[in-house]
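A.B. asks: Take a look at the following structure, please.
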Amino acid sequence: MRSDAIKKGPARAAARAMLKGTGLTGADLERPLVAVISTFTDVMPCTMHLRELTQEVKAGVRAAGGTPIEFNTIAVSDGISMGTEGMRASLVSREVIADSIELVVLGHLFDGAITLSGCDKTIPASVMALARLDVPSLMLYGGPIMPGRFHDRDVTIQDVFEAVGACAAGKMSEAELCELEDRACPGAGACGGQFTANTMSVAMTALGISPMGANDVPATDPRKAEVARRTGAQVMDLIRRNVTPRQLLSKAAFENAIATVAATAGSTNAVLHLLAIAQEAEVPLALEDFDRIAARTPVLADLKPGGRFTAVDMYAAGGIALLIRRLLDAGLMTDGPTVTGKTLREETAGVAEAGKQRVFLPVATPLKPRGGFAILRGSLAPGGCVVKLAGHDRNEHTGPARVFDSEEAAFAAVQAGAIQPGDVVVIRYEGPAGGPGMREMLGVTAALVGQGLGGSVALVTDGRFSGATHGLMAGHVVPEASLGGPIAFVREGDPITFDVAGRCLNVDADLSTRRAGWQAPPPRHRTGVMAKYAASVSSASEGAVTRPVSRKEQDHG
């Protein structure tokens, strides 16, 4: 066992003494040591139930002959920090979570690991760490929240963000907004639409790193406890078979994951996160892979934010297994191994489709003929950007730029009614390095929708979007403004054109003449984690992962 190096032989007596001080016995130390890693925090519903779920996982590990050892890591709530300075911490937390998991597992030479994730960044961060470590391991998602009920309809946190704009426009009273906020999040679980958390949950199942049928069980469903115990036992099976993440995380597996994101019109954040995981697994993956797969994959799931149903509805209709089975049968995914020891096709062979379900459409009659995102390049984004195609039918748009150097400035303009139909809202200096942290723009996009401008306004940013965003939006613009990308030189009124069919995002202006004398704004942070992140983060087209700073870079500041 890998852990023998830390617990076997006379020289390791002191280590054994300390482990026994935690309550472990000699018999416990004869077994494989399994890290059970929780992202529990009670600051948000997404993760507040993971402490209890962890106990079920540990019981499964023990029953299967292992010794579970629990530790925790951090989590930052996107939904709570959205629209504030706190949102800069969100993407940065992905790297910190991955680093912390890697350090503890490395430092204690665990034989295997299981991570319990709940919200947007904890899912990719967990799998990034597992890919780096490459010890027998898997990821379990805590599950989606149940929908709230407001005015006899299901609601999610998306409805609250959009209601803020509706309230500002006089379409909803403050009393109604208060009632909605009281009802939108009825308990534990991650945001209920096909937003980032549920998008990544589906993608991790397609990758094979999460067991089929585990992630999509809702957080408060009584069956979730049994799922957790079973995953604990599955980690022990992985240890016995010596199956590690990199045996599962192949290029074909990543292409399968991309297909599920496209077919569910999932979050554009999946592009960022899958690129990051692929880098950690040393699998070549590029923006063009996303565009190629999305172009051939129809949208089969009628899910929020662009559609009607929630993740809980998807589970009731047949779940991730039904989606994957349809994609496999249509030749839009390839069969591949999973952590259970069975292949995707074997796991989905007996999937039951709920009678008269309306969440999944047949491949022959999809909701849309192509996936919910595309990759554009052009004079405004020579390094690429991701355009969201969910929740609208616009493939072209030309309009005057309305330029803002921060999210706050753009939000204030929207709330003040200063944005007009046809405008292209440009929000810059929000990229990975320039932000730092590449904030999500849900406050702005939701306010536009709430004011009735979602179908007539477009938005461009070097930041990113929440999975709850819908409308014609281009994010992840590369190069970002703070690095001298073209977006830094756009001026008020410049015509900007979206051409999805031509895969172009262009601005009709001679930006080269505006570069003279330009200087990047001073960094917002000169010390601490944000400064370290800004100095070492890669571009969005590379997943916005942190990378070692070379000696040459250090010497030149």
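Each chain of the structure tokens is named A, B, ... in the order shown, its residues numbered from 1; ligands are numbered from 1 in display order.
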Env of stretch 342-345 of chain A: 12 Å cut, atoms = only C-alpha atoms, seq-sep filter 3 positions within chain, self excluded. Answer as a VMD selection string.

C.D. replies: chain A and resid 205 to 213 234 238 248 253 256 to 257 320 to 329 331 333 to 339 348 to 351

A.B. asks: Can you pull out every residue within 8 Å of A:Arg183, counting only C-alpha atoms, but drop anything in the same chain fewer than 5 positions away, and send it as a list in words?

C.D. replies: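 Residues meeting the cut-off are Gly148, Arg149 and Phe150 of chain A.
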
A.B. asks: Deliver the residues from the most recent selection as a file, using N, CA and C atoms, as a CSV table (one decimal), in the first residue's frame.

C.D. replies:
chain,number,residue,atom,x,y,z
A,148,GLY,N,-37.9,26.0,-5.6
A,148,GLY,CA,-38.9,26.7,-4.8
A,148,GLY,C,-40.2,26.9,-5.5
A,149,ARG,N,-41.2,27.4,-4.8
A,149,ARG,CA,-42.5,27.6,-5.4
A,149,ARG,C,-42.9,29.1,-5.2
A,150,PHE,N,-43.3,29.8,-6.3
A,150,PHE,CA,-43.6,31.2,-6.2
A,150,PHE,C,-44.7,31.4,-7.2

A.B. asks: Considering only helix (DSSP H, G or I) as DSSP defines it on the backbone, what residues of stretch 192-377 of chain A qualify? List them as an MDAnalysis selection string.

C.D. replies: chainID A and resid 196:207 223:241 245:248 251:263 269:281 287:296 311:317 319:329 344:348

A.B. asks: Using only C-alpha atoms, which residues of stretch 61-99 of chain A come within 12 Å of stretch 279-286 of chain A, and what is the closest atom pair for each, with the distance in Å to one decimal? Give it as CSV, sorted by chain and residue number.

C.D. replies:
residue,atom,partner,partner_atom,distance
A:Glu95,CA,A:Glu280,CA,11.3
A:Ala98,CA,A:Glu280,CA,10.2
A:Asp99,CA,A:Glu280,CA,11.5

A.B. asks: Using only C-alpha atoms, which of A:Ala169, A:Ala516, A:Leu511, A:Ala433 sits nearest A:Gln451?

C.D. replies: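 Looking only at the distances to A:Gln451, the closest residue turns out to be A:Ala169.
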
A.B. asks: Please, what distance in Å, to one decimal, runs between atom CA of A:Asp291 and atom CA of A:Met139?

C.D. replies: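 Between atom CA of A:Asp291 and atom CA of A:Met139 the gap works out to 26.7 Å.
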